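Q: Pasting a structure here, questions to come.
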Amino acid sequence: MIALADKISKSFGAQTLYTGATLQLNAGERWALVGPNGAGKTTLLKILMGEESADEGSVSFARDATIGYLEQETRISADTTALQEVIDSAYELKQTGYLLTELERKISVEDDERERDALLERYGHARERFERLGGYEIEARARAILGGLGFPVSDFDKAASEFSGGWQMRIALAKLLLRHPDLLLLDEPTNHLDFESVLWFEQFLSSYDGSVLIVSHDRAFMDACVTHVASLENRMLVTYTGTYSSYLRQREDNLEQLKAKRAAQERDIAHMEVFIDRFRYKPTKAKQVQERIRRVEKIRGELVILPEQNKRVRFSFPAPPRTGDSVVSLEQVSKSYGDNLVYEDVDLTLYRGDHVALIGPNGSGKSTLMKLIAKRIEPTSGRVEYGQNVSCAYYAQHQLENLDAANTVLGEIDTVAPGWTGAEERRLLGAFLFHGDAVEKHVGVLSGGERARLALAKMLVSPDPLLLLDEPTNHLDIDSVDILERALGEFDGTIVLISHDEHLIRSIATKIIDVRDHTVTLYDGDYEYYRFKRAQLEAGPAPSEPVRGDEGAASCNRSEAAGSANRSAGGGRNIKTREQRRLEAEERQRHARASKQTRHRLKTVEAALEPAQKRYDELMQLMAAEELYNDSKRFDACMAEYTALSKKIELLEAEWLELSEALENIP
């Protein structure tokens, strides 16, 4: 055991966050701490760190256990280099090094054999810890961690204070990872990482020998590295074993069991109350009535309390103005900053309805490409052209200058939502975590995360046909990410997205643009297709096969070596190949088959529902009759049939609804 939070209770005024919360963290366990916004996740991390006090309960740690905590925001003002800042953070290692030196001195002058043995034992433990913390290769480890988190080698000697806020968060994370504490507490650690840094971080955590507790909205990240989930729900802390996806399944199964038990209890109460009401004043039935009254009181005392369910907000953003087929074209675009070439001779066209994710290592030029498409910066050469009726909305967390500090949150939304009712505006703001009185807060007092969420909500009230989104899910909780994900998936316009959230990319992207090594490559398929083609490229061609241009991955850079192959593969203009047309035809056939199968199943369900509901009504009439209660065998048979039929109807109705929605969504 590394840490134990035992029977923790915490309230803020009249709001109770949790009572009796218990969590034991052991070596080698990686926990995700999840729950709706405002449930108290960050508060629990601070209680573990000793920065907040619990109302009740206690926190204890193993002897000599070390703790590291990564907050959502941090600032570094030191003038030391990024590399030295990371190395200097390993103070436990330095202390252990000083201890080793002191023990060596004492051992060399100690004459008493028993004292010397005790010193040697302490020295062995200290040396083991020094080696585990990487004392003999500290600089190499610091360099490896900085590189894994996306820092180019050329930035290792840059002053830490000169980096932007996002990069300073990475330095803070690197310091924490180098220290290698026994307990690692991480609050949204992937917010400032790019996609490839997240993949490296997943691998790092997967082999971490201490205990890890993570608060994150990134579902794919949690699936990749956690072994347990602690869920704050219904003002309690409930623990689960397995990945985040496994937790979702277990929670749903548990909820279904609770619902079934509650429904059975309510049916028992209803049936007995029918008997009680019918025979309450008949002297001959007094004994049976009193017996049923006692049973009803007993069941009410044991009634299952169902957890509070978060309201499932479904929000569809208004359709954007219709544009021409071609939305934006880059022709012979090159971009350099002084002697630093980002890319050159890029040809790329995006079409109406494309949902594109930009992927690539940090510093490769993803944000630069998005700014070029947004016309926020000018290309060094070449041109960027919008299609007919195209306007662009660009979202980046550090570009929130369009918010009026004097407005309230509701007033700021009102400036872009003419004709909306107050209820509609509050519903939208609720999707972005502004609830109750929070909509009356002035923009000037909002935190950076709150301003980012408001800017995103404001942009999506009346969306432009071209949406450019740079890390839109930072500062959202999982429920809000779900709302945004569904809305973007249904968006008819064109989306260009930069995100480290693999789940979002899998759900949204229909095309991938890979930016790396001064080239821009279009993959005309979803994320799985991109992963498949990248694996092929990294493996290289078979020895007996010639190298050929890939039909689905077209480089958008023209170069003498690759130009003809890339143009034959579709270039940057997305000309469809025979293989792509064949795949599209197969997709249409698949949708047709799915539609046929769904309609057939829907008819089957409807045919089963009608007689089931008819029999249900008959049983209800039977159970209202006095003679049924005098025949115990018949009563038991009716009750068994009623219970089974109720469950069957519930399942059939749920399937009918699911099939009906599926038919509506099939193209």
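Identifiers in the structure tokens: chain A, B, ... in order shown; residue index from 1 per chain; ligand index from 1 in order shown.
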Could you make a table, as JSON lines, of the residues of region 34-116 of chain A that have an atom within 9 Å of an atom of region 1-23 of chain A, each with its nearest atom pair and distance in Å to one decimal, counting only C-alpha atoms, in chain and number order?
A:
{"residue": "A:Gly38", "atom": "CA", "partner": "A:Leu17", "partner_atom": "CA", "distance": 8.2}
{"residue": "A:Ala39", "atom": "CA", "partner": "A:Leu17", "partner_atom": "CA", "distance": 5.9}
{"residue": "A:Gly40", "atom": "CA", "partner": "A:Leu17", "partner_atom": "CA", "distance": 5.9}
{"residue": "A:Thr43", "atom": "CA", "partner": "A:Lys10", "partner_atom": "CA", "distance": 8.7}
{"residue": "A:Leu44", "atom": "CA", "partner": "A:Lys10", "partner_atom": "CA", "distance": 8.7}
{"residue": "A:Ile47", "atom": "CA", "partner": "A:Ala5", "partner_atom": "CA", "distance": 8.8}
{"residue": "A:Leu48", "atom": "CA", "partner": "A:Ala5", "partner_atom": "CA", "distance": 7.3}
{"residue": "A:Ser53", "atom": "CA", "partner": "A:Lys10", "partner_atom": "CA", "distance": 8.4}
{"residue": "A:Ala54", "atom": "CA", "partner": "A:Lys10", "partner_atom": "CA", "distance": 5.5}
{"residue": "A:Asp55", "atom": "CA", "partner": "A:Lys10", "partner_atom": "CA", "distance": 5.2}
{"residue": "A:Glu56", "atom": "CA", "partner": "A:Ser9", "partner_atom": "CA", "distance": 5.0}
{"residue": "A:Gly57", "atom": "CA", "partner": "A:Ile8", "partner_atom": "CA", "distance": 4.3}
{"residue": "A:Ser58", "atom": "CA", "partner": "A:Asp6", "partner_atom": "CA", "distance": 5.4}
{"residue": "A:Val59", "atom": "CA", "partner": "A:Ala5", "partner_atom": "CA", "distance": 4.5}
{"residue": "A:Ser60", "atom": "CA", "partner": "A:Leu4", "partner_atom": "CA", "distance": 5.3}
{"residue": "A:Phe61", "atom": "CA", "partner": "A:Ala3", "partner_atom": "CA", "distance": 4.4}
{"residue": "A:Ala62", "atom": "CA", "partner": "A:Ile2", "partner_atom": "CA", "distance": 5.0}
{"residue": "A:Arg63", "atom": "CA", "partner": "A:Ile2", "partner_atom": "CA", "distance": 8.4}
{"residue": "A:Ala65", "atom": "CA", "partner": "A:Ile2", "partner_atom": "CA", "distance": 6.7}
Q: Give one line per residue of region 326-402 of chain A that approaches region 514-528 of chain A to at most 9 Å, naming the two atoms of the closest pair and their distance in Å to one decimal, counting only C-alpha atoms; sort by chain then ascending residue number and deliver it as a Markdown table.
A:
| residue | atom | partner | partner_atom | distance |
| --- | --- | --- | --- | --- |
| A:Leu341 | CA | A:His518 | CA | 7.1 |
| A:Val342 | CA | A:His518 | CA | 5.4 |
| A:Tyr343 | CA | A:His518 | CA | 4.3 |
| A:Glu344 | CA | A:His518 | CA | 7.2 |
| A:Val346 | CA | A:Val520 | CA | 6.9 |
| A:Asp347 | CA | A:Val520 | CA | 8.8 |
| A:Leu348 | CA | A:Leu522 | CA | 8.2 |
| A:Val356 | CA | A:Asp526 | CA | 8.9 |
| A:Ala357 | CA | A:Asp514 | CA | 8.4 |
| A:Leu358 | CA | A:Asp514 | CA | 6.0 |
| A:Ile359 | CA | A:Asp514 | CA | 4.9 |
| A:Gly360 | CA | A:Val515 | CA | 4.9 |
| A:Pro361 | CA | A:Arg516 | CA | 6.6 |
| A:Asn362 | CA | A:Arg516 | CA | 8.9 |
| A:Gly363 | CA | A:Arg516 | CA | 8.6 |
| A:Ser364 | CA | A:Arg516 | CA | 5.1 |
| A:Gly365 | CA | A:Val515 | CA | 6.6 |
| A:Lys366 | CA | A:Val515 | CA | 6.2 |
| A:Leu369 | CA | A:Val515 | CA | 8.8 |
Q: Could you tell me which of A:Trp31, A:Asp79, A:Ser660, A:Ser367 comes closest to Ala224 (chain A) if we count only C-alpha atoms?
A: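 Checking each of A:Trp31, A:Asp79, A:Ser660, A:Ser367 against Ala224 (chain A), counting only C-alpha atoms, the winner is A:Trp31.
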Q: Just the alpha helix (DSSP H) stuff from region 411-502 of chain A, please, per backbone DSSP, written as an NGL selection string.
A: :A and (411-414 or 422-431 or 448-459 or 478-489 or 502)
Q: Residues within 9 Å of region 612-619 of chain A, please, as a list in words. Count only C-alpha atoms; anything in the same chain fewer than 4 positions from it doesn't count.
A: Ala608, Met623, Ala624, Cys638, Met639, Glu641, Tyr642, Leu645, Ser646, Lys648 and Ile649 of chain A
Q: So, with only C-alpha atoms as the atoms that count, which of A:Pro379, A:Leu454, A:His435, A:Gly148 lies closest to Gln203 (chain A)?
A: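 Once distances to Gln203 (chain A) are computed over only C-alpha atoms, the minimum belongs to A:Gly148.
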Q: Do you know which residues are at most 8 Å from Ala90 (chain A) counting only C-alpha atoms, after dropping those on the same chain fewer than 6 positions away, and could you put them as an MDAnalysis selection string?
A: chainID A and resid 175 178:179
Q: Keeping N, CA and C atoms, export the residues of the selection given above as a compact mmCIF listing (two decimals), in the first residue's frame.
A:
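selection34.txt was written with the following content:
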# COMPACT_ATOMS: atom_id res chain seq x y z
N LYS A 175 9.56 17.25 -15.24
CA LYS A 175 10.17 17.30 -13.90
C LYS A 175 9.58 16.22 -13.00
N LEU A 178 10.72 12.67 -14.12
CA LEU A 178 12.12 12.40 -13.77
C LEU A 178 12.25 12.09 -12.28
N ARG A 179 11.47 12.78 -11.45
CA ARG A 179 11.52 12.52 -10.00
C ARG A 179 11.09 11.11 -9.67
Q: Leaving out Gly444 (chain A) and any residue of its chain fewer than 3 positions from it, which residues lie within 8 Å of it when counting only C-alpha atoms, given as a PyMOL selection string?
A: chain A and resi 404-407
Q: Next, the residues of the selection above should be written as a short mmCIF file (atom, residue, chain, number, x, y, z; two decimals), in the first residue's frame with N, CA, C and O atoms.
A:
data_model
loop_
_atom_site.label_atom_id
_atom_site.label_comp_id
_atom_site.auth_asym_id
_atom_site.auth_seq_id
_atom_site.Cartn_x
_atom_site.Cartn_y
_atom_site.Cartn_z
N ASP A 404 -16.08 39.89 -24.77
CA ASP A 404 -16.23 41.19 -24.12
C ASP A 404 -16.25 40.99 -22.61
O ASP A 404 -17.18 40.39 -22.06
N ALA A 405 -15.23 41.49 -21.93
CA ALA A 405 -15.09 41.28 -20.48
C ALA A 405 -16.26 41.86 -19.69
O ALA A 405 -16.55 41.40 -18.59
N ALA A 406 -16.97 42.85 -20.25
CA ALA A 406 -18.07 43.50 -19.51
C ALA A 406 -19.36 42.69 -19.57
O ALA A 406 -20.26 42.90 -18.76
N ASN A 407 -19.48 41.77 -20.51
CA ASN A 407 -20.70 40.98 -20.66
C ASN A 407 -20.76 39.86 -19.62
O ASN A 407 -19.72 39.37 -19.16
#
Q: Using only C-alpha atoms, find the one residue out of A:Ser245, A:Gln250, A:Ser499, A:Ser197 that sits nearest to Leu149 (chain A).
A: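 Smallest distance to Leu149 (chain A) is found for A:Ser197.
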Q: Quick one: residues within 12 Å of Asp414 (chain A), only C-alpha atoms, excluding same-chain residues fewer than 3 positions away - as number ranges by chain?
A: A: 404, 407-411, 417-426, 428-429, 439, 454, 457-458, 461-462
Q: From the list A:Gly97, A:Ile305, A:Leu372, A:Pro189, which residue is nearest Gln257 (chain A) when using only C-alpha atoms?
A: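 The answer is A:Ile305, which sits nearest to Gln257 (chain A).
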Q: Using only C-alpha atoms, which residues sit within 9 Å of region 473-476 of chain A once same-chain residues fewer than 3 positions away are excluded, as a compact mmCIF listing (two decimals) with N, CA and C atoms, in the first residue's frame?
A:
# COMPACT_ATOMS: atom_id res chain seq x y z
N ASN A 37 -18.41 17.02 -14.11
CA ASN A 37 -17.80 18.27 -13.70
C ASN A 37 -18.43 18.75 -12.38
N GLU A 188 -5.54 16.24 -15.64
CA GLU A 188 -5.59 16.52 -17.08
C GLU A 188 -4.18 16.64 -17.67
N THR A 190 -2.81 15.39 -20.33
CA THR A 190 -2.64 15.40 -21.79
C THR A 190 -3.11 16.69 -22.44
N ASN A 191 -3.63 17.63 -21.66
CA ASN A 191 -4.19 18.85 -22.25
C ASN A 191 -3.21 19.60 -23.13
N HIS A 192 -1.93 19.59 -22.77
CA HIS A 192 -0.96 20.39 -23.51
C HIS A 192 0.01 19.51 -24.30
N HIS A 217 -10.14 13.66 -19.43
CA HIS A 217 -11.34 13.49 -20.26
C HIS A 217 -11.02 12.67 -21.50
N ASP A 218 -9.76 12.22 -21.64
CA ASP A 218 -9.31 11.50 -22.84
C ASP A 218 -9.55 10.01 -22.64
N GLN A 397 -7.21 28.13 -28.22
CA GLN A 397 -7.39 28.53 -26.82
C GLN A 397 -6.76 29.87 -26.47
N PHE A 432 -21.65 23.24 -22.20
CA PHE A 432 -20.25 23.64 -22.04
C PHE A 432 -19.95 24.03 -20.59
N LEU A 433 -20.68 23.38 -19.66
CA LEU A 433 -20.38 23.40 -18.22
C LEU A 433 -20.73 24.70 -17.51
N GLY A 449 -9.79 28.45 -18.67
CA GLY A 449 -10.57 27.32 -19.18
C GLY A 449 -12.02 27.70 -19.46
N GLU A 450 -12.60 28.52 -18.57
CA GLU A 450 -13.99 28.95 -18.76
C GLU A 450 -14.11 29.84 -19.99
N ALA A 452 -12.20 29.70 -22.60
CA ALA A 452 -12.05 28.83 -23.78
C ALA A 452 -13.36 28.12 -24.10
N ARG A 453 -14.06 27.63 -23.07
CA ARG A 453 -15.32 26.95 -23.29
C ARG A 453 -16.38 27.90 -23.84
N ASP A 470 -8.56 23.97 -32.92
CA ASP A 470 -7.26 23.58 -32.36
C ASP A 470 -7.46 23.19 -30.90
N ASP A 479 -18.64 14.16 -20.42
CA ASP A 479 -20.00 14.35 -20.92
C ASP A 479 -20.06 15.48 -21.94
N SER A 480 -19.32 16.57 -21.69
CA SER A 480 -19.31 17.69 -22.63
C SER A 480 -18.60 17.32 -23.92
N VAL A 481 -17.53 16.52 -23.82
CA VAL A 481 -16.84 16.05 -25.02
C VAL A 481 -17.79 15.20 -25.86
N LEU A 484 -20.12 17.55 -27.74
CA LEU A 484 -19.41 18.18 -28.85
C LEU A 484 -19.14 17.17 -29.96
N SER A 499 -6.14 17.65 -32.49
CA SER A 499 -6.50 17.14 -31.16
C SER A 499 -5.57 16.00 -30.76
N ASP A 501 -6.88 13.91 -28.62
CA ASP A 501 -7.90 12.98 -28.15
C ASP A 501 -8.18 11.95 -29.25
N LEU A 504 -11.88 11.20 -30.06
CA LEU A 504 -12.52 12.23 -30.87
C LEU A 504 -12.13 12.09 -32.33
